[in-house]
Amino acid sequence: MLAEIFFAYFAVVIVLTSILVIASRNPVHSVLWMLLLFFHIAGLYLMLDAEFLAAIQIIIYAGAILVLFLFVVLLLNLKEEIKGRPFSRIFVIALVLAIGMAVVISSTMKLLPPGPVGQYSMDMIRATKGGNSSIIGRVMYTEFLFPFEIASTILLVAIIGAIVLAKKRLRS
Amino acid sequence: MQSSYADVARIIPEIFLTSLALLLLMMELVTKKKEFIGFIGIIGVVITAYLTLITNPGRAFSDMFIVDGYSNFFKLIFYLNVILTILISIRYLKIEGVNLGEYYSLILFATLGMMIMASGTDLIVIYLGLELMALSTYVLAGFLRHEIRSNEAALKYFLLGAFSSAFLLYGIALTYGMTGTTNLKDIASYVTQHGIAKNPVFTLSMIMFIIAFGFKIAAAPFHMWAPDTYEGAPTSITAFMSVGPKAAGFAAMGRVFFDALGPIRLDWVAVIIPIAILTMAVGNIIAISQTNIKRMLAYSSIAHAGYALLGLIAGGSEGLSSMMNYLLIYAFMNVGAFAVIIMLRREGFKGEDIDDYSGLAKRHPLAAGLMLVFMFSLTGIPPTAGFVGKFYLFMSAIRAGYTGLVIVAVIFSAISAYFYLRIVMYMYMREPKAEVELSTSAPLGIALAITVAGVLILGVFPSIVIHLAKASLLG
Amino acid sequence: MSIFETIIQPDTFDVLIKIGIILLKIVIVVAAAMLHVMYATYFERKSIGHMQVRLGPMEVGPHGVLQPIADGVKLFFKEDIIPADADKPVFYIAPVISLVAALSSLSVIPFFKGFVIANINIGLLFILAMSSLGAYGIIISGWASNSKYSFLGGLRSSAQVISYEIAMGLSLVGVMMMAGSLNISDIVNAQAAYPLRVYAIPQMLGFFVFMVAGIAETNRAPFDLPEAESELVAGYFVEYSGIRFAMFYLSEYIGMIVISLIAVVCFLGGWSGPFDIPYVPFAWLLLKVYFFIFFYYWIRATLPRYRYDQLMSLGWKLLIPLALLNIVITGIAKLML
């Protein structure tokens with residue numbers, strides 16, 4: 001029962017804050033709503049005993065990525081931004097499409113057949129020493145070693161890309 | 001589930017290519033002559049191709065990765081594409097003033113992503129390969145960062161690409177929630193065993209996959225990014241993008257749709273058929289009104305994605321092999337056409353308007369002749385390879401019983417003759433307007449030689465590649 | 001045990017008792033922290049004063065010992081001024097974020113054997129998460145004040161925090177690898193097997209990087225660019241006054257104490273010492289923490305402020321590579337032993 005109440009709280013706040021992120025006129029406020037959103041997502045992870053993910057969610061998303069967003073947004077000319085139309089002209093069409101998609105997805109999701117119970121249940125995680133973090137570490141370096149390595153290459157490419165596009169002086 | 005050396009042995013080509021890309025990155029620091037980096041890149045890719053051929057076929061990393069004829073064939077397309085792209089880039093980068101070593105390294109990383117997509121048998125691996133490829137191409141599309149068109153190209157490509165990735169992830173999440181696995185074969189077997197193939201959730205995830213891959217292969221109505229991106233990106237990268245990511249998209253699509261979504265084949269065929277028709281219609285009809293040749297080729301590339309979809313619809317070893325064939329042939333003819341476009345580019349002259357081709361035959365008969373061959377091939381006129389490719393595609397679709405679809409495709413193919421042959425008409429029947437000088441170089445010449453040879457030889461002796469494609473599917 | 005597991009229990013009575021105990025612990029820790037902060041300011045003024053051959057506060061009480069209390073009363077009753085064009089909600093919330101983040105970090109730190117508010121598995125990550133949250137207080141206060149000085153302070157702070165958080169997180173990885181756990185009590189216990197019961201010797205590199213990054217994270221001299229008084233008056237909190245100013249002040253000092261606490265529990269063996277002191281189980285911890293706090297003041301009195309580009313290149317070109325090197329060395333050592 002308590003778990004349901006917590007879930008309902010997180011779910012409602014997540015939906016509300018994500019709407020506020022896109023609806024705020026002021027980009028700085030959007031970023032702050034997003035911060036709140038990330039914290040509630042971390043809360044959902046905690047409910048699943050995925051504490052490592054929760055911490056990483058805050059450290060990476062709130063602590064690094066969102067700070068960068070804020071850094072960029074702070075450099076915008078907000079006075080001009082706020083004067084503009086909050087939504088573009090096709091807002092109505094987009095809204096109808098979005099609601100339609102939400103209806104389709106939510107009505108389909110009701111029919112989701114229960115999937116198989118996996119190996120990493122909450123009981124299993126609780127029984128393991130080190131909990132969630134140690135299991136994620138183990139899985140990442142054995143079962144998912146190959147995808148993990150690809151992901152590291154993706155990050156490398158992102159760094160190269162950032163340097164090429166932003167830093168490198170052209171000798172022309 | 002520890003990974004063993006046998007697993008690692010299967011990804012030696014990928015490891016080699018990664019090391020090569022890193023080596024090029026290091027060389028950028030110490031080498032003044034950036035062309036040299038390009039040459040090393042080509043040699044490395046040739047070695048990678050050799051390594052690919054000698055790798056033992058089989059599965060690796062607890063069935064996340066596979067080396068088989070299908071993946072090897074696609075990898076050969078990627079190698080061909082990357083070699084040709086490097087060859088046509090070497091002079092071009094200097095003209096554009098962006099002669100940076102990172103360019104080659106990023107191209108190799110993009111190719112690595114494509115290889116992983118072609119070999120991935122797990123949705124996670126396919127997704128990561130796709131991201132690796134996409135991220136590298138986003139950067140490459142914006143490589144001319146002093147030019148606003150290039151910025152626009154990169155930004156549009158990036159935003160819509162990220163959007164489409166979200167669809168792919170959502171599709172993966174849905175199938176995972178249903179089946180508890182991301183392995184392609186396991187998904188299909190779980191779904192059939194539990195009799196949930198007709199579940200709407202599975203259908204929804206199928207639609208998500210179609211949207212996501214539709215973006216990558218630029219099929220209508222998910223093609224919106226293609227014209228602006230192709231026009232704004234550096235021409236060499238346009239050539240690269242129009243072949244590589246598209247082929248990789250088809251490779252992953254073939255695996256996902258036949259292996260994982262095999263149980264609902266009729267459903268996805270029913271969705272893809274209208275997409276194929278729309279893609280051919282949009283590509284061929286809008287191309288008619290273009291005045292910029294890169295933009296025209298962008299729409300042409302959309303149209304060709306529509307043709308290639310026929311192979312996917314036809315299915316079976318015949319349909320798939322004709323699709324693979326077509327993509328290989330398309331690599332030759334499209335990169336060849338872009339190589340000619342690059343020849344027209346020099347300092348202070350874009351050479352991208354169709355008008356610029358007026359009377360090219362009088363001043364530069366060889367260049368015009370090559371362009372003529374490529375345009376004929378893109379139209380599908382014998383004895384060029386384009387004809388062979390289309391012929392086998394249409395044949396496989398007819399044999400699979402999609403005669404109506406083929407008739408539509410033939411009609412659109414006929415329409416396409418208008419805009420391809422218009423360029424030929426400009427070159428041969430108009431008076432030259434301005435002095436057009438060509439910026440030729442040895443690498444560009446080699447690229448043109450390879451492409452024109454490919455187009456003509458495969459046009460005359462199609463059996464080489466047909467057998468190769470079929471054998472790779474069976475073997 | 002996760003926080004949720006502690007709270008979500010079927011037995012309500014049990015739950016109430018547990019919540020009561022947690023609340024009691026929180027009150028104790030917060031009260032103790034506040035007291036220490038008050039006297040940390042006194043300690044700072046005195047030690048810096050003596051380093052500069054002055055006396056420091058002398059007027060209120062003998063040797064000025066009541067000075068912090070007088071300061072507190074003054075700040076509490078001062079007028080709370082809000083700039084005309086400030087973004088009010090954000091302006092209000094910024095100091096609260098800073099203070100909450102600083103105080104929450106205290107909840108996972110073990111002060112002596114068995115005494116920790118929340119003994120969670122990811123203690124170390126939680127602290128990193130809270131320190132990244134604390135940066136928001138600074139950044140958005142700088143923006144919301146609608147003043148160029150505080151804005152520049154906020155911008156500087158955001159860049160500084162991103163750069164140094166990486167170094168700080170990486171410097172702790174060596175500790176995590178040696179202890180094989182992210183739980184801070186486990187980390188303290190694991191140190192018992194090492195010389196002097198500390199990790200500071202095998203983790204020298206990590207310790208060094210952590211201390212430098214820690215000073216930068218708390219925006220203290222010589223990395224106090226967000227509040228550089230010679231160029232930005234007071235940086236991000238230039239427009240704040242009264243109780244809100246006090247909150248920033250508090251969070252800065254609590255942040256300093258937290259960083260010292262992490263240094264003590266991760267590198268200097270936490271509450272353990274060469275011999276046990278009866279009845280005061282936290283004596284060693286306190287001693288070590290005050291050593292670090294003195295260290296902060298010492299550095300402040302000694303070193304001039306860094307220039308901005310020097311700060312960035314120090315973070316990215318020296319600290320991060322060093323921290324990575326430390327991880328590699330620790331990994332190799334762990335494999336060999």
# chains A, B, ... in the order shown; residues from 1 in each chain; ligands from 1

$ closest_atom_pairs --of "chain A" --to "chain B" --cutoff "7 Å" --atoms "only C-alpha atoms" --output "CSV"
residue,atom,partner,partner_atom,distance
A:Thr108,CA,B:Val201,CA,5.7
A:Met109,CA,B:Val201,CA,6.4
A:Leu111,CA,B:Val201,CA,6.9
A:Leu112,CA,B:Val201,CA,6.0
A:Pro113,CA,B:Met178,CA,6.1
A:Pro114,CA,B:Met178,CA,6.4
A:Gly115,CA,B:Met178,CA,4.6
A:Pro116,CA,B:Gly180,CA,5.8
A:Gly118,CA,B:Gly180,CA,7.0
A:Thr142,CA,B:Gln2,CA,5.3
A:Glu143,CA,B:Met1,CA,5.7
A:Phe146,CA,B:Phe61,CA,6.8
A:Pro147,CA,B:Val125,CA,5.6
A:Ile150,CA,B:Leu128,CA,6.5
A:Ala151,CA,B:Leu128,CA,6.5
A:Ile154,CA,B:Leu132,CA,5.1
A:Val157,CA,B:Ser136,CA,6.4
A:Ala158,CA,B:Leu135,CA,6.9
A:Gly161,CA,B:Val139,CA,5.6
A:Leu165,CA,B:Arg145,CA,6.6
A:Leu170,CA,B:Val98,CA,6.5
A:Ser172,CA,B:Gly97,CA,5.4

$ write_last_selection --atoms "C-alpha atoms" --output "PDB file, in the first residue's frame"
ATOM      1  CA  THR A 108      -1.980  -0.874 -25.985  1.00  0.00           C
ATOM      2  CA  MET A 109       0.044  -1.082 -22.827  1.00  0.00           C
ATOM      3  CA  LEU A 111      -2.735  -5.487 -23.112  1.00  0.00           C
ATOM      4  CA  LEU A 112       0.925  -6.062 -22.290  1.00  0.00           C
ATOM      5  CA  PRO A 113       1.292  -9.751 -21.525  1.00  0.00           C
ATOM      6  CA  PRO A 114       3.349 -10.306 -18.375  1.00  0.00           C
ATOM      7  CA  GLY A 115       6.918 -10.997 -19.377  1.00  0.00           C
ATOM      8  CA  PRO A 116       9.031 -13.761 -17.896  1.00  0.00           C
ATOM      9  CA  GLY A 118      14.170 -12.513 -14.839  1.00  0.00           C
ATOM     10  CA  THR A 142      30.583 -10.277 -18.112  1.00  0.00           C
ATOM     11  CA  GLU A 143      27.294 -10.595 -19.906  1.00  0.00           C
ATOM     12  CA  PHE A 146      30.588  -6.159 -25.669  1.00  0.00           C
ATOM     13  CA  PRO A 147      27.827  -3.511 -25.594  1.00  0.00           C
ATOM     14  CA  ILE A 150      30.763  -0.122 -27.852  1.00  0.00           C
ATOM     15  CA  ALA A 151      29.295   2.460 -25.512  1.00  0.00           C
ATOM     16  CA  ILE A 154      30.459   6.174 -28.611  1.00  0.00           C
ATOM     17  CA  VAL A 157      33.385   9.776 -30.713  1.00  0.00           C
ATOM     18  CA  ALA A 158      31.351  12.348 -28.817  1.00  0.00           C
ATOM     19  CA  GLY A 161      33.143  15.491 -32.258  1.00  0.00           C
ATOM     20  CA  LEU A 165      33.191  21.206 -33.980  1.00  0.00           C
ATOM     21  CA  LEU A 170      41.177  25.769 -38.836  1.00  0.00           C
ATOM     22  CA  SER A 172      42.975  28.120 -43.778  1.00  0.00           C
TER      23      SER A 172
END

$ closest_atom_pairs --of "chain C" --to "chain A" --cutoff "10 Å" --atoms "only C-alpha atoms" --output "CSV"
residue,atom,partner,partner_atom,distance
C:Met1,CA,A:Arg126,CA,8.1
C:Ser2,CA,A:Asp49,CA,7.0
C:Ile3,CA,A:Leu46,CA,8.0
C:Phe4,CA,A:Met47,CA,6.5
C:Glu5,CA,A:Met47,CA,8.3
C:Ile7,CA,A:Leu2,CA,9.1
C:Ile8,CA,A:Leu2,CA,6.5
C:Gln9,CA,A:Leu2,CA,8.6
C:Pro10,CA,A:Leu2,CA,8.9
C:Asp87,CA,A:His29,CA,9.9
C:Pro89,CA,A:His29,CA,9.9
C:Val90,CA,A:His29,CA,8.3
C:Ile120,CA,A:Glu51,CA,9.0
C:Asn121,CA,A:Gly130,CA,6.4
C:Ile122,CA,A:Phe52,CA,6.6
C:Gly123,CA,A:Ala55,CA,9.4
C:Leu124,CA,A:Ala55,CA,9.4
C:Leu125,CA,A:Ala55,CA,5.9
C:Phe126,CA,A:Ala55,CA,6.0
C:Ile127,CA,A:Ala55,CA,9.2
C:Leu128,CA,A:Ile59,CA,6.6
C:Ala129,CA,A:Ile59,CA,4.7
C:Met130,CA,A:Ile59,CA,8.1
C:Ser131,CA,A:Gly63,CA,8.2
C:Ser132,CA,A:Gly63,CA,4.6
C:Leu133,CA,A:Gly63,CA,6.2
C:Gly134,CA,A:Gly63,CA,9.1
C:Ala135,CA,A:Gly63,CA,8.0
C:Tyr136,CA,A:Val67,CA,7.6
C:Ile139,CA,A:Leu70,CA,8.3
C:Ile140,CA,A:Val28,CA,8.4
C:Gly142,CA,A:Leu74,CA,9.9
C:Trp143,CA,A:Leu74,CA,7.3
C:Ala144,CA,A:Val28,CA,9.4
C:Phe151,CA,A:Leu74,CA,8.6
C:Gly154,CA,A:Phe71,CA,8.9
C:Leu155,CA,A:Phe71,CA,6.6
C:Arg156,CA,A:Phe71,CA,9.4
C:Ser157,CA,A:Phe71,CA,9.7
C:Ser158,CA,A:Val67,CA,6.4
C:Ala159,CA,A:Phe71,CA,7.7
C:Val161,CA,A:Ala64,CA,8.6
C:Ile162,CA,A:Ala64,CA,5.9
C:Ser163,CA,A:Ala64,CA,9.2
C:Glu165,CA,A:Ala64,CA,8.5
C:Ile166,CA,A:Ala64,CA,9.0
C:Gly169,CA,A:Ile59,CA,9.6
C:Gly180,CA,A:Gly130,CA,8.5
C:Ser181,CA,A:Gly130,CA,6.4
C:Leu182,CA,A:Gly130,CA,7.8
C:Asn183,CA,A:Gly130,CA,8.1

$ residues_around --residues "Gly454 (chain B)" --least-positions-apart "3" --cutoff "12 Å" --atoms "only C-alpha atoms" --output "PyMOL selection string"
chain B and resi 80+84+328-336+373-374+377+383-386+447-451+457-462+464-465

$ write_last_selection --atoms "C-alpha atoms" --output "CSV table (one decimal), in the first residue's frame"
chain,number,residue,atom,x,y,z
B,80,LEU,CA,34.0,0.0,-50.4
B,84,LEU,CA,35.8,5.6,-52.1
B,328,LEU,CA,26.3,-2.7,-53.5
B,329,ILE,CA,25.6,-1.4,-56.9
B,330,TYR,CA,24.1,1.7,-55.5
B,331,ALA,CA,27.4,2.3,-53.6
B,332,PHE,CA,29.3,2.3,-56.9
B,333,MET,CA,27.0,4.5,-58.9
B,334,ASN,CA,26.1,7.0,-56.2
B,335,VAL,CA,29.6,7.6,-55.0
B,336,GLY,CA,30.7,7.9,-58.6
B,373,VAL,CA,27.3,6.5,-67.1
B,374,PHE,CA,26.3,7.2,-63.5
B,377,SER,CA,22.9,3.6,-64.1
B,383,PRO,CA,24.1,-2.2,-69.8
B,384,THR,CA,24.8,-0.4,-66.5
B,385,ALA,CA,24.7,-2.1,-63.1
B,386,GLY,CA,21.7,0.0,-62.1
B,447,ALA,CA,37.8,6.6,-57.2
B,448,LEU,CA,36.2,7.4,-60.5
B,449,ALA,CA,37.9,4.5,-62.2
B,450,ILE,CA,36.7,2.1,-59.5
B,451,THR,CA,33.2,3.3,-59.6
B,457,ILE,CA,31.4,-4.6,-65.2
B,458,LEU,CA,28.5,-5.5,-62.9
B,459,GLY,CA,26.2,-4.3,-65.7
B,460,VAL,CA,27.7,-6.7,-68.2
B,461,PHE,CA,28.5,-9.6,-65.9
B,462,PRO,CA,25.9,-9.4,-63.2
B,464,ILE,CA,29.5,-12.2,-60.1
B,465,VAL,CA,27.7,-10.2,-57.5

$ atom_distance --atom1 "CA of Tyr402 (chain B)" --atom2 "CA of Ser300 (chain B)"
22.9 Å

$ select_by_dssp --residues "region 16-172 of chain A" --states "helix (DSSP H, G or I)" --output "count of residues only"
118

$ atom_distance --atom1 "CA of Trp271 (chain C)" --atom2 "CA of Leu285 (chain C)"
4.6 Å

$ atom_distance --atom1 "CA of Ile466 (chain B)" --atom2 "CA of Ala247 (chain B)"
16.8 Å
